[in-house]
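Below: coords.txt (compact mmCIF, C-alpha atoms and all ligand atoms)
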# COMPACT_ATOMS: atom_id res chain seq x y z
CA MET U 1 -11.11 -51.24 29.47
CA LEU U 2 -12.98 -51.16 32.78
CA SER U 3 -11.94 -50.11 36.27
CA GLU U 4 -11.42 -52.90 38.78
CA GLU U 5 -14.55 -51.76 40.56
CA LYS U 6 -16.70 -51.89 37.41
CA ASN U 7 -15.29 -55.29 36.50
CA LYS U 8 -16.41 -56.56 39.90
CA VAL U 9 -19.90 -55.14 39.39
CA LEU U 10 -20.08 -56.80 35.98
CA THR U 11 -18.94 -60.23 37.14
CA GLN U 12 -20.20 -60.83 40.68
CA VAL U 13 -23.38 -62.90 40.71
CA GLY U 14 -24.01 -63.77 44.37
CA PRO U 15 -27.04 -62.61 46.37
CA GLY U 16 -26.92 -58.91 47.18
CA THR U 17 -24.46 -57.98 44.44
CA PRO U 18 -25.76 -55.52 41.80
CA MET U 19 -25.41 -57.90 38.86
CA GLY U 20 -26.55 -60.85 40.99
CA GLU U 21 -29.75 -58.97 41.73
CA LEU U 22 -30.21 -58.03 38.07
CA LEU U 23 -29.72 -61.63 36.91
CA ARG U 24 -32.28 -62.78 39.49
CA ARG U 25 -34.93 -60.85 37.51
CA TYR U 26 -34.79 -63.46 34.72
CA TRP U 27 -35.69 -67.12 34.27
CA HIS U 28 -32.55 -69.18 33.67
CA PRO U 29 -32.28 -72.56 31.95
CA ILE U 30 -30.77 -75.03 34.41
CA GLY U 31 -30.68 -78.28 32.43
CA GLY U 32 -32.79 -80.73 30.49
CA ALA U 33 -35.98 -82.25 31.87
CA SER U 34 -34.84 -85.60 30.43
CA GLU U 35 -31.95 -85.69 32.93
CA PHE U 36 -34.66 -86.63 35.41
CA ASP U 37 -35.64 -89.75 33.45
CA GLN U 38 -32.81 -91.49 35.33
CA ILE U 39 -32.49 -89.53 38.57
CA SER U 40 -34.89 -87.70 40.84
CA VAL U 41 -32.60 -85.31 42.73
CA LYS U 42 -29.47 -83.48 41.72
CA PRO U 43 -27.31 -80.88 43.42
CA PHE U 44 -27.09 -77.61 41.55
CA ARG U 45 -25.34 -74.31 42.15
CA LEU U 46 -26.87 -71.21 40.61
CA LEU U 47 -25.92 -67.55 41.07
CA GLY U 48 -23.66 -68.52 43.96
CA GLU U 49 -26.36 -70.45 45.87
CA ASP U 50 -26.17 -74.17 46.65
CA LEU U 51 -29.46 -75.84 45.78
CA VAL U 52 -31.03 -79.11 44.70
CA ILE U 53 -33.36 -79.69 41.77
CA TYR U 54 -35.79 -82.56 42.05
CA LYS U 55 -38.66 -84.20 40.23
CA ASP U 56 -41.20 -85.55 42.67
CA LEU U 57 -43.38 -88.63 42.30
CA SER U 58 -46.16 -86.50 40.78
CA GLY U 59 -43.75 -85.42 38.04
CA ASN U 60 -43.42 -81.85 39.34
CA PHE U 61 -40.05 -80.13 39.49
CA GLY U 62 -38.79 -78.11 42.42
CA MET U 63 -35.62 -76.32 43.47
CA VAL U 64 -34.78 -75.84 47.14
CA ASP U 65 -31.85 -75.09 49.42
CA ARG U 66 -29.30 -77.86 49.43
CA GLN U 67 -29.11 -77.86 53.24
CA CYS U 68 -32.05 -79.16 55.23
CA ALA U 69 -33.80 -76.68 57.53
CA HIS U 70 -33.48 -79.13 60.45
CA ARG U 71 -29.76 -79.73 61.01
CA ARG U 72 -28.43 -78.89 57.56
CA ALA U 73 -28.07 -82.36 56.04
CA ASP U 74 -27.42 -82.49 52.30
CA LEU U 75 -30.77 -82.72 50.51
CA SER U 76 -29.11 -83.96 47.33
CA TYR U 77 -29.19 -87.29 49.21
CA GLY U 78 -32.83 -86.77 50.07
CA PHE U 79 -35.61 -88.65 48.33
CA VAL U 80 -38.74 -87.43 46.62
CA GLU U 81 -42.31 -87.99 47.71
CA THR U 82 -45.64 -87.48 45.94
CA HIS U 83 -45.26 -83.76 46.59
CA GLY U 84 -41.80 -82.46 47.33
CA ILE U 85 -38.60 -83.81 48.83
CA ARG U 86 -37.77 -85.58 52.10
CA CYS U 87 -34.48 -85.34 53.99
CA ASN U 88 -32.74 -88.70 54.41
CA TYR U 89 -31.47 -87.83 57.92
CA HIS U 90 -34.64 -87.55 60.06
CA GLY U 91 -37.31 -87.57 57.39
CA TRP U 92 -38.47 -83.97 57.42
CA SER U 93 -40.38 -83.35 54.24
CA PHE U 94 -40.72 -80.10 52.25
CA ASP U 95 -43.04 -79.01 49.47
CA ALA U 96 -42.09 -77.03 46.35
CA ALA U 97 -42.70 -73.75 48.17
CA GLY U 98 -40.22 -74.82 50.88
CA ARG U 99 -42.91 -75.38 53.54
CA CYS U 100 -42.17 -78.17 56.00
CA VAL U 101 -45.06 -80.57 55.54
CA GLU U 102 -43.87 -83.39 57.79
CA GLN U 103 -41.57 -83.87 60.79
CA PRO U 104 -42.17 -87.56 61.50
CA PHE U 105 -41.00 -87.72 65.12
CA GLU U 106 -42.19 -84.23 66.11
CA ASP U 107 -45.59 -84.93 64.54
CA THR U 108 -45.83 -88.11 66.64
CA VAL U 109 -44.88 -86.67 70.02
CA ASN U 110 -46.04 -83.13 69.58
CA PRO U 111 -48.86 -83.08 67.01
CA GLY U 112 -50.04 -79.64 65.97
CA ASN U 113 -46.74 -78.05 67.00
CA PRO U 114 -46.96 -74.49 65.60
CA GLN U 115 -43.19 -74.48 65.00
CA LYS U 116 -43.73 -76.45 61.81
CA GLU U 117 -45.72 -73.62 60.25
CA ARG U 118 -42.78 -71.29 60.58
CA ILE U 119 -40.15 -73.52 59.00
CA ARG U 120 -39.20 -72.36 55.55
CA LEU U 121 -36.65 -73.92 53.29
CA LYS U 122 -35.40 -71.60 50.55
CA ALA U 123 -37.34 -72.56 47.40
CA TYR U 124 -37.50 -71.25 43.85
CA PRO U 125 -40.01 -71.92 41.07
CA VAL U 126 -39.02 -74.30 38.29
CA ARG U 127 -40.79 -74.64 34.95
CA GLU U 128 -40.34 -76.90 31.96
CA LEU U 129 -40.31 -75.44 28.45
CA ALA U 130 -38.99 -76.90 25.18
CA GLY U 131 -37.40 -79.80 27.07
CA LEU U 132 -35.43 -77.36 29.22
CA LEU U 133 -35.87 -76.73 32.92
CA TRP U 134 -35.95 -73.07 33.95
CA ALA U 135 -35.59 -71.50 37.37
CA TYR U 136 -36.41 -68.07 38.71
CA MET U 137 -34.66 -66.76 41.83
CA GLY U 138 -35.86 -63.18 42.01
CA PRO U 139 -38.63 -61.29 43.77
CA LEU U 140 -42.17 -62.54 43.19
CA PRO U 141 -44.30 -62.33 41.19
CA ALA U 142 -42.05 -63.95 38.64
CA PRO U 143 -42.10 -62.42 35.16
CA GLU U 144 -43.22 -64.40 32.13
CA LEU U 145 -41.03 -67.26 30.96
CA PRO U 146 -40.58 -66.24 27.30
CA VAL U 147 -41.74 -68.79 24.76
CA TYR U 148 -39.31 -68.02 21.94
CA ASP U 149 -40.54 -68.76 18.44
CA ALA U 150 -38.22 -71.73 17.82
CA PHE U 151 -39.66 -73.48 20.90
CA THR U 152 -42.99 -73.73 19.07
CA TRP U 153 -41.66 -75.15 15.80
CA GLY U 154 -42.95 -78.66 15.18
CA ASN U 155 -41.68 -81.71 13.30
CA GLY U 156 -38.15 -81.25 14.59
CA PHE U 157 -35.47 -83.24 16.38
CA ARG U 158 -34.31 -81.32 19.44
CA GLU U 159 -31.39 -81.94 21.74
CA ILE U 160 -29.82 -80.19 24.72
CA VAL U 161 -26.07 -80.12 25.32
CA ILE U 162 -24.53 -78.99 28.59
CA SER U 163 -20.94 -78.33 29.69
CA ASP U 164 -19.33 -77.07 32.88
CA ILE U 165 -17.23 -74.03 32.09
CA PRO U 166 -14.64 -72.94 34.66
CA CYS U 167 -14.91 -69.18 34.17
CA ASN U 168 -17.22 -66.24 34.78
CA TRP U 169 -20.34 -66.09 32.60
CA MET U 170 -19.82 -62.54 31.33
CA GLN U 171 -16.78 -63.31 29.19
CA CYS U 172 -18.77 -66.17 27.62
CA GLN U 173 -21.67 -63.82 26.90
CA GLU U 174 -19.42 -61.16 25.38
CA ASN U 175 -18.59 -63.78 22.78
CA SER U 176 -22.27 -63.63 21.71
CA CYS U 177 -21.83 -60.15 20.27
CA ASP U 178 -18.47 -60.57 18.59
CA PRO U 179 -18.71 -61.22 14.83
CA ILE U 180 -14.98 -60.98 14.05
CA HIS U 181 -14.21 -64.12 16.03
CA PHE U 182 -16.10 -66.24 13.43
CA GLU U 183 -13.46 -65.39 10.87
CA TRP U 184 -10.48 -66.16 13.10
CA MET U 185 -11.54 -68.57 15.82
CA HIS U 186 -13.82 -70.75 13.71
CA ASP U 187 -12.76 -70.32 10.09
CA ASN U 188 -9.04 -69.60 10.05
CA TRP U 189 -8.06 -71.46 13.21
CA SER U 190 -9.98 -74.52 11.94
CA THR U 191 -7.99 -74.31 8.70
CA ARG U 192 -4.74 -74.26 10.67
CA LEU U 193 -5.90 -77.05 12.99
CA LYS U 194 -6.36 -79.18 9.89
CA GLY U 195 -2.71 -78.56 9.06
CA LYS U 196 -3.42 -76.21 6.18
CA THR U 197 -2.04 -72.69 5.91
CA ALA U 198 -4.50 -71.46 3.27
CA PRO U 199 -6.92 -70.30 2.15
CA TYR U 200 -7.98 -67.95 4.92
CA ALA U 201 -11.68 -67.09 5.07
CA PRO U 202 -13.25 -63.94 3.57
CA LYS U 203 -12.32 -60.92 5.68
CA HIS U 204 -14.86 -58.87 7.60
CA LEU U 205 -15.16 -55.45 6.01
CA LYS U 206 -17.87 -53.83 8.07
CA VAL U 207 -19.77 -54.54 11.31
CA LYS U 208 -22.56 -52.77 13.13
CA PHE U 209 -24.54 -53.36 16.30
CA GLU U 210 -28.11 -52.49 17.19
CA GLU U 211 -30.17 -52.85 20.33
CA PHE U 212 -33.68 -54.33 20.29
CA ASP U 213 -36.15 -55.41 22.98
CA TYR U 214 -34.65 -58.84 23.64
CA GLY U 215 -30.97 -58.28 23.04
CA PHE U 216 -28.51 -56.88 20.56
CA LEU U 217 -28.04 -57.56 16.88
CA TYR U 218 -24.66 -57.83 15.27
CA LYS U 219 -24.44 -57.32 11.54
CA ARG U 220 -21.52 -57.94 9.24
CA ILE U 221 -20.27 -57.77 5.71
CA ARG U 222 -17.45 -60.00 4.61
CA GLU U 223 -15.50 -60.03 1.38
CA GLY U 224 -17.72 -61.38 -1.35
CA SER U 225 -21.03 -60.56 0.37
CA SER U 226 -23.22 -57.48 -0.02
CA GLU U 227 -25.59 -55.31 1.94
CA SER U 228 -28.49 -57.47 0.76
CA ASN U 229 -27.14 -60.48 2.69
CA PRO U 230 -29.26 -61.44 5.76
CA TYR U 231 -26.09 -61.23 7.87
CA TRP U 232 -26.33 -57.48 7.20
CA THR U 233 -30.07 -56.89 6.70
CA VAL U 234 -31.21 -58.95 9.72
CA GLY U 235 -28.05 -59.90 11.60
CA ARG U 236 -27.72 -62.35 14.43
CA VAL U 237 -28.95 -62.11 18.02
CA ALA U 238 -27.08 -61.77 21.30
CA LEU U 239 -30.05 -62.74 23.46
CA TRP U 240 -30.66 -60.87 26.67
CA PRO U 241 -29.25 -61.27 29.27
CA ASN U 242 -27.02 -64.32 28.82
CA GLY U 243 -27.65 -66.15 25.56
CA PHE U 244 -27.51 -66.19 21.82
CA TYR U 245 -30.06 -67.16 19.21
CA LEU U 246 -29.20 -68.53 15.79
CA GLY U 247 -32.66 -69.69 14.68
CA PRO U 248 -32.53 -73.44 15.22
CA HIS U 249 -29.87 -73.05 17.90
CA PHE U 250 -29.78 -71.26 21.25
CA GLY U 251 -26.99 -71.08 23.78
CA TRP U 252 -27.03 -69.77 27.33
CA ARG U 253 -24.12 -69.06 29.64
CA VAL U 254 -25.70 -69.70 33.01
CA PRO U 255 -23.87 -68.12 35.96
CA ILE U 256 -23.10 -70.82 38.52
CA ASP U 257 -20.96 -68.53 40.65
CA ASP U 258 -18.35 -65.84 40.00
CA GLU U 259 -15.86 -68.35 38.58
CA ASN U 260 -18.03 -71.00 36.97
CA SER U 261 -20.72 -71.15 34.33
CA LEU U 262 -22.89 -73.75 32.73
CA SER U 263 -23.15 -73.75 28.97
CA ILE U 264 -26.61 -74.92 27.93
CA ALA U 265 -27.25 -75.22 24.20
CA TRP U 266 -30.54 -76.16 22.54
CA PHE U 267 -30.68 -77.45 18.98
CA TYR U 268 -33.55 -78.00 16.58
CA MET U 269 -33.41 -79.76 13.23
CA ARG U 270 -36.57 -79.90 11.09
CA VAL U 271 -37.25 -83.27 9.44
CA PRO U 272 -37.28 -83.10 5.61
CA LYS U 273 -40.49 -82.22 3.82
CA GLY U 274 -42.54 -85.39 3.45
CA ARG U 275 -41.39 -87.02 6.72
CA GLU U 276 -44.04 -85.29 8.81
CA PRO U 277 -45.57 -85.81 11.21
CA TYR U 278 -42.57 -86.24 13.43
CA VAL U 279 -43.28 -86.09 17.13
CA GLN U 280 -40.31 -86.31 19.45
CA GLY U 281 -40.86 -87.80 22.89
CA SER U 282 -38.39 -86.69 25.49
CA VAL U 283 -35.72 -84.21 24.33
CA PRO U 284 -32.32 -85.87 24.90
CA THR U 285 -29.84 -84.07 27.14
CA TRP U 286 -26.15 -84.91 27.02
CA VAL U 287 -22.93 -83.60 28.52
CA SER U 288 -20.12 -82.45 26.27
CA PRO U 289 -16.57 -82.66 27.69
CA ILE U 290 -14.27 -79.66 27.27
CA LYS U 291 -10.84 -81.17 28.06
CA ASP U 292 -8.95 -83.93 26.25
CA GLU U 293 -6.98 -86.76 27.87
CA ASN U 294 -3.92 -84.52 28.09
CA GLY U 295 -5.78 -81.85 30.00
CA ARG U 296 -5.89 -79.48 27.00
CA TRP U 297 -9.10 -77.77 25.92
CA ILE U 298 -10.83 -79.56 23.05
CA SER U 299 -10.78 -77.51 19.83
CA SER U 300 -12.34 -79.83 17.26
CA HIS U 301 -15.92 -78.51 17.40
CA VAL U 302 -17.33 -75.04 16.88
CA MET U 303 -18.58 -74.33 20.40
CA ASN U 304 -15.55 -76.01 21.93
CA GLN U 305 -13.46 -73.44 20.10
CA ASP U 306 -15.50 -70.69 21.74
CA ILE U 307 -14.93 -72.32 25.12
CA VAL U 308 -11.16 -72.20 24.51
CA ALA U 309 -11.51 -68.43 24.20
CA TRP U 310 -13.68 -68.04 27.29
CA VAL U 311 -11.60 -70.09 29.70
CA GLY U 312 -8.41 -68.68 28.21
CA GLN U 313 -9.41 -65.24 29.46
CA GLY U 314 -8.99 -66.49 33.05
CA ARG U 315 -11.50 -67.43 35.73
CA ILE U 316 -12.65 -63.79 35.71
CA ALA U 317 -11.33 -61.79 32.74
CA ASP U 318 -9.26 -58.84 33.93
CA ARG U 319 -10.89 -56.03 31.99
CA THR U 320 -8.52 -53.46 33.49
CA LYS U 321 -5.91 -54.83 31.09
CA GLU U 322 -7.90 -55.20 27.87
CA THR U 323 -7.67 -53.03 24.75
CA LEU U 324 -10.97 -52.62 22.94
CA GLY U 325 -11.13 -51.84 19.22
CA VAL U 326 -13.81 -50.85 16.70
CA SER U 327 -14.83 -54.51 16.51
CA ASP U 328 -15.82 -54.39 20.19
CA GLN U 329 -18.60 -51.81 19.97
CA GLY U 330 -21.19 -54.50 20.69
CA ILE U 331 -19.37 -55.51 23.84
CA ALA U 332 -19.24 -51.90 25.04
CA MET U 333 -23.00 -51.58 24.34
CA ILE U 334 -23.83 -54.71 26.31
CA ARG U 335 -21.81 -53.60 29.30
CA LYS U 336 -23.39 -50.15 29.23
CA ARG U 337 -26.89 -51.65 29.14
CA PHE U 338 -26.09 -53.76 32.21
CA PHE U 339 -24.66 -50.79 34.12
CA ASP U 340 -27.63 -48.58 33.15
CA ASP U 341 -30.13 -51.28 34.13
CA ILE U 342 -28.48 -51.76 37.51
CA GLU U 343 -29.18 -48.04 38.09
CA ALA U 344 -32.74 -48.34 36.71
CA MET U 345 -33.46 -51.22 39.09
CA LYS U 346 -32.58 -48.96 42.02
CA GLU U 347 -35.57 -46.85 40.92
CA GLY U 348 -37.78 -49.93 40.95
CA LYS U 349 -37.78 -50.50 37.20
CA ASP U 350 -37.56 -53.88 35.51
CA PRO U 351 -34.34 -54.43 33.58
CA LYS U 352 -34.25 -54.94 29.82
CA GLY U 353 -36.31 -57.71 28.28
CA VAL U 354 -38.33 -58.68 31.37
CA ILE U 355 -41.84 -59.56 30.18
CA ARG U 356 -44.84 -59.04 32.44
CA ASP U 357 -47.63 -59.35 29.88
CA PRO U 358 -48.65 -62.99 29.28
CA ALA U 359 -49.90 -62.08 25.79
CA ILE U 360 -46.35 -61.03 24.88
CA GLY U 361 -44.57 -63.82 26.73
CA ARG U 362 -46.47 -66.64 25.07
CA TYR U 363 -44.78 -66.07 21.70
CA VAL U 364 -41.59 -64.05 21.39
CA GLU U 365 -40.38 -63.82 17.83
CA LEU U 366 -36.66 -63.24 17.37
CA PRO U 367 -34.89 -62.07 14.19
CA PHE U 368 -33.24 -64.67 11.99
CA GLU U 369 -33.09 -65.28 8.25
CA PRO U 370 -33.88 -67.60 6.57
CA LYS U 371 -36.55 -69.04 8.87
CA LYS U 372 -38.90 -70.45 6.27
CA PRO U 373 -36.94 -73.66 5.56
CA LEU U 374 -36.62 -74.26 9.30
CA ILE U 375 -40.33 -73.99 9.89
CA GLU U 376 -41.74 -75.48 6.69
CA GLY U 377 -39.03 -78.01 5.97
CA ILE U 378 -36.79 -78.58 2.99
CA ARG U 379 -37.30 -81.03 0.16
CA ILE U 380 -34.57 -83.65 0.17
CA GLU U 381 -33.22 -82.52 -3.20
CA ASP U 382 -32.94 -78.92 -1.96
CA TYR U 383 -30.68 -79.57 1.03
CA PRO U 384 -27.49 -78.58 -0.86
CA LYS U 385 -28.96 -75.07 -1.20
CA TYR U 386 -28.75 -74.73 2.60
CA PRO U 387 -25.14 -75.59 3.45
CA THR U 388 -25.35 -74.78 7.18
CA ILE U 389 -28.33 -77.12 7.56
CA ASN U 390 -27.01 -79.73 5.13
CA VAL U 391 -23.74 -80.07 7.01
CA ARG U 392 -25.61 -81.18 10.12
CA LEU U 393 -26.73 -84.37 8.37
CA SER U 394 -23.23 -85.85 8.36
CA GLY U 395 -22.57 -85.32 12.06
CA PHE U 396 -22.96 -83.05 15.06
CA ARG U 397 -20.34 -80.37 14.57
CA HIS U 398 -21.20 -77.93 17.37
CA MET U 399 -19.91 -79.81 20.39
CA VAL U 400 -17.86 -82.91 20.93
CA GLY U 401 -19.18 -86.18 22.31
CA GLN U 402 -22.71 -86.65 20.98
CA PRO U 403 -23.78 -90.07 22.37
CA PRO U 404 -24.37 -92.73 19.69
CA GLU U 405 -27.99 -93.22 20.78
CA VAL U 406 -28.71 -89.53 20.15
CA ARG U 407 -27.11 -89.78 16.71
CA GLN U 408 -29.19 -92.88 16.00
CA ALA U 409 -32.42 -91.14 17.00
CA PHE U 410 -31.45 -88.21 14.77
CA ILE U 411 -30.69 -90.53 11.83
CA LYS U 412 -34.05 -92.21 12.26
CA ALA U 413 -35.94 -88.92 12.48
CA MET U 414 -34.24 -87.49 9.38
CA GLY U 415 -34.35 -90.69 7.29
CA ILE U 416 -30.62 -90.71 6.55
CA SER U 417 -27.77 -93.24 6.53
CA GLU U 418 -24.92 -93.34 9.08
CA SER U 419 -22.91 -91.04 6.80
CA GLY U 420 -25.76 -88.58 6.42
CA GLN U 421 -27.08 -89.52 2.98
CA PHE U 422 -30.85 -89.59 2.44
CA LEU U 423 -32.12 -93.15 2.12
S1 LIG D 1 -31.23 -82.77 59.01
FE1 LIG D 1 -32.83 -83.02 57.65
S2 LIG D 1 -34.36 -84.03 58.77
FE2 LIG D 1 -32.77 -83.75 60.17
FE FE D 2 -18.18 -68.73 18.22
Would you mind giving the structure from this file in structure tokens?
Ligand code: FES
Ligand SMILES: [Fe+2]
Amino acid sequence: MLSEEKNKVLTQVGPGTPMGELLRRYWHPIGGASEFDQISVKPFRLLGEDLVIYKDLSGNFGMVDRQCAHRRADLSYGFVETHGIRCNYHGWSFDAAGRCVEQPFEDTVNPGNPQKERIRLKAYPVRELAGLLWAYMGPLPAPELPVYDAFTWGNGFREIVISDIPCNWMQCQENSCDPIHFEWMHDNWSTRLKGKTAPYAPKHLKVKFEEFDYGFLYKRIREGSSESNPYWTVGRVALWPNGFYLGPHFGWRVPIDDENSLSIAWFYMRVPKGREPYVQGSVPTWVSPIKDENGRWISSHVMNQDIVAWVGQGRIADRTKETLGVSDQGIAMIRKRFFDDIEAMKEGKDPKGVIRDPAIGRYVELPFEPKKPLIEGIRIEDYPKYPTINVRLSGFRHMVGQPPEVRQAFIKAMGISESGQFL
């Protein structure tokens, strides 16, 4: 349980709020670079600020204020130039740093006007990594954009799935350090959704949580497993500050504003041994819906089930009314780290996980077992030994609505039939 005041601190993300300032110390994924194969400008809201992301004619990405510095026209209707974006109202043009580089009429009648030098449009750096676009909205110099190990794995089919989530990001992130929900929300609820009443999944017997440099680890033992199981020896990662890492699968809960988040998930699937080299061109990005035609939340896919939990907690979960148990130690640890880091930042310190050393940032290894089959590939005949990988052959089970062309590209990369059998 938290006081109303602490719940506000934990959930407010706008400029000048304690958590908003903390979150501005990190790079955030904001979408897939391949979205800009079709468009060049899109409106985007991040941490309570209205912005536009664009890809200019040189292929460089930028993120600037949505409202033009002249008379506040909407730059999401602007158009891109060789360098930067131009407003569609009177043609003022801005570079990626937000400098006004052209005022067509003013430049004609008043060339050399010093006013132009002083015009600044709010602008934030954007980088591309692993097919994702990342933005940084904090004080400069920006820290390193971490290159996580999975981003460097080759010979894999990658895809990016995004969904608009109408609730605060923190309740989504708390789900990243919550092992018990696997048993109920994914295993047992799925059984009931299929119309069966049994059998229920193996019970959790023991959980523990540990902090490490880039997040928290949750570890678990369920009926029928032992302390030698990687779920206990290595655990799984709640990635700092707003993601999770499951080896070939990341998810981030990007704070749009206090009441909205963007779920961005990144998936990697190694092609079978013998099908190398496989080089993927552009990484496909697709949008997964979260509501069905009756306005109910979709529950058929694993991450959709999570989303049912997040949005069900309300636009901003009221933590003054919750009742935490032993299972929630990880959640208490995460909250405490955020509160402590907000205090540390007041003393000028970087919060947890911020990387300043390029030698560290260029390869950040995260814990996951087993990694070897993901990196080196699996022989076709050995797929049944890896059920969580094998199951992906027959269809995309994480989120609903994978476009047929993405499935087709996956089938081609993997060398399988429509039903997921090796050819
Ligand atoms: S409002 Fe943008 S150029 Fe005038
Ligand atoms: Fe889940």
Go through chain U and flag each residue having an atom no more than 6 Å from ligand LIG 1 (chain D); for those, report the closest pair of atoms plus their distance in Å to one decimal, using only C-alpha atoms and all ligand atoms, ordered by chain and rising number, as a Markdown table.
| residue | atom | partner | partner_atom | distance |
| --- | --- | --- | --- | --- |
| U:Cys68 | CA | D:LIG1 | FE1 | 4.6 |
| U:His70 | CA | D:LIG1 | S1 | 4.5 |
| U:Arg71 | CA | D:LIG1 | S1 | 3.9 |
| U:Arg72 | CA | D:LIG1 | S1 | 5.0 |
| U:Ala73 | CA | D:LIG1 | S1 | 4.4 |
| U:Cys87 | CA | D:LIG1 | FE1 | 4.6 |
| U:Tyr89 | CA | D:LIG1 | FE2 | 4.8 |
| U:His90 | CA | D:LIG1 | S2 | 3.8 |
| U:Gly91 | CA | D:LIG1 | S2 | 4.8 |
| U:Trp92 | CA | D:LIG1 | S2 | 4.3 |
If the box runs along x, y and z of the file and leaves 5 Å on each side of stretch 122-140 of chain U, what are its centre and edge lengths in Å, one decimal, as JSON?
{"center_x": -38.4, "center_y": -70.5, "center_z": 37.9, "size_x": 17.5, "size_y": 28.5, "size_z": 35.4}
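Relative to atom CA of U:Ile160, atom CA of U:Lys194 is found at 27.8 Å.
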Sorted by chain and rising residue number, list the residues of stretch 120-225 of chain U at most 12 Å from stretch 285-292 of chain U (counting only C-alpha atoms), each with its closest atom pair and distance in Å to one decimal, as a tab-separated table.
residue	atom	partner	partner_atom	distance
U:Ala130	CA	U:Thr285	CA	11.8
U:Gly131	CA	U:Thr285	CA	8.7
U:Leu132	CA	U:Thr285	CA	9.0
U:Leu133	CA	U:Thr285	CA	11.1
U:Arg158	CA	U:Thr285	CA	9.3
U:Glu159	CA	U:Thr285	CA	6.0
U:Ile160	CA	U:Thr285	CA	4.6
U:Val161	CA	U:Trp286	CA	5.1
U:Ile162	CA	U:Val287	CA	4.9
U:Ser163	CA	U:Ser288	CA	5.4
U:Asp164	CA	U:Ile290	CA	8.0
U:Ile165	CA	U:Ile290	CA	8.0
U:Pro166	CA	U:Ile290	CA	10.0
| message | Could you tell me how far atom CA of U:Trp27 sits from atom CA of U:Gln305, in Å to one decimal place? | response | 27.1 Å
| request: With only C-alpha atoms and all ligand atoms counted, collect every polymer residue having an atom within 9 Å of ligand FE 2 (chain D); state the result as a PyMOL selection string. | output: chain U and resi 175-176+178-179+181-182+185-186+302-307+309
| message | Every residue with an atom at most 9 Å from (-41.3, -72.4, 58.5) (file coordinates; all atoms listed in the file) is what I'm after, so could you write them as a VMD selection string? | response | chain U and resid 69 98 to 100 115 to 121
| request: Tell me which protein, DNA and RNA residues are within 8 Å of stretch 136-143 of chain U, counting only C-alpha atoms, leaving out same-chain ones fewer than 5 positions away, and put them as a list in words. | output: Glu21, Arg24, Arg25, Tyr26, Trp27, His28, Tyr124, Pro125, Val126, Val354, Ile355 and Arg356 of chain U
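Taking atom CA of U:Gly16 and atom CA of U:Pro255 as endpoints, the distance between them is 14.8 Å.
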| remark: Among U:Asn294, U:Arg337, U:Glu183, U:Leu423, U:Phe216 is approached most closely, using all atoms listed in the file, by U:Arg337
| said: Would you pick out the contacts of U:Cys172 at 12 Å or less, using all atoms listed in the file, so that residues sharing its chain but fewer than 4 positions from it are not included, and give the list as number ranges by chain? | reply: U: 11, 165-168, 176-178, 238, 241-244, 251-255, 259-264, 303-317, 331
| field | Shell of 8 Å around U:Gly78, all atoms listed in the file, local chain residues under 4 positions omitted, as a PyMOL selection string | value | chain U and resi 41+74+85-88
| request: Could you tell me which of U:Gln103, U:Gln329, U:Gln173, U:Thr17 comes closest to U:Tyr245 if we count only C-alpha atoms? | output: U:Gln173
| said: Residues within 12 Å of U:Ile416, please, as a PyMOL selection string. Count only C-alpha atoms; anything in the same chain fewer than 3 positions from it doesn't count. | reply: chain U and resi 271-272+275+380+390+392-395+407-413+419-423
| Which polymer residues have any atom within 12 Å of an atom of U:Val207, counting only C-alpha atoms, with same-chain residues fewer than 4 positions away left out, as a PyMOL selection string? | chain U and resi 177-180+203+217-222+227+231-233+235-236+326-330
| task | Using all atoms listed in the file, pick whichever of U:Trp169, U:Phe36, U:Phe250, U:Phe151 has the shortest atom-to-atom distance to U:Gly20. | result | U:Trp169
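Residues with at least one atom no more than 12 Å from (-46.6, -73.1, 20.4), using all atoms listed in the file, are Leu129, Ala130, Pro146, Val147, Tyr148, Asp149, Ala150, Phe151, Thr152, Trp153, Gly154, Gly361, Arg362, Tyr363, Val364 and Glu365 of chain U.
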| U:Lys6, U:Arg127, U:Lys122, U:His398 ranked by distance to U:Gly31, top pick (using only C-alpha atoms) |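 The closest residue to U:Gly31 is U:Arg127.
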| said: Using all atoms listed in the file, can you tell me which of U:Gly59, U:Gly274, U:Gly156, U:Gly14 comes closest to U:Ile39? | reply: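 Under the stated criterion, the closest residue is U:Gly59.
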Written coordinates, N, CA and C atoms of stretch 331-335 of chain U as a JSON list (two decimals), in the first residue's frame:
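selection.json, freshly written:
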[["chain", "number", "residue", "atom", "x", "y", "z"],
["U", 331, "ILE", "N", 7.78, -6.14, -6.34],
["U", 331, "ILE", "CA", 7.12, -4.86, -6.62],
["U", 331, "ILE", "C", 7.53, -3.82, -5.59],
["U", 332, "ALA", "N", 7.60, -4.24, -4.32],
["U", 332, "ALA", "CA", 8.03, -3.32, -3.26],
["U", 332, "ALA", "C", 9.48, -2.88, -3.51],
["U", 333, "MET", "N", 10.32, -3.80, -3.99],
["U", 333, "MET", "CA", 11.74, -3.46, -4.25],
["U", 333, "MET", "C", 11.86, -2.45, -5.39],
["U", 334, "ILE", "N", 11.08, -2.67, -6.43],
["U", 334, "ILE", "CA", 11.12, -1.75, -7.57],
["U", 334, "ILE", "C", 10.70, -0.34, -7.14],
["U", 335, "ARG", "N", 9.60, -0.26, -6.42],
["U", 335, "ARG", "CA", 9.13, 1.05, -5.97],
["U", 335, "ARG", "C", 10.19, 1.73, -5.12]]
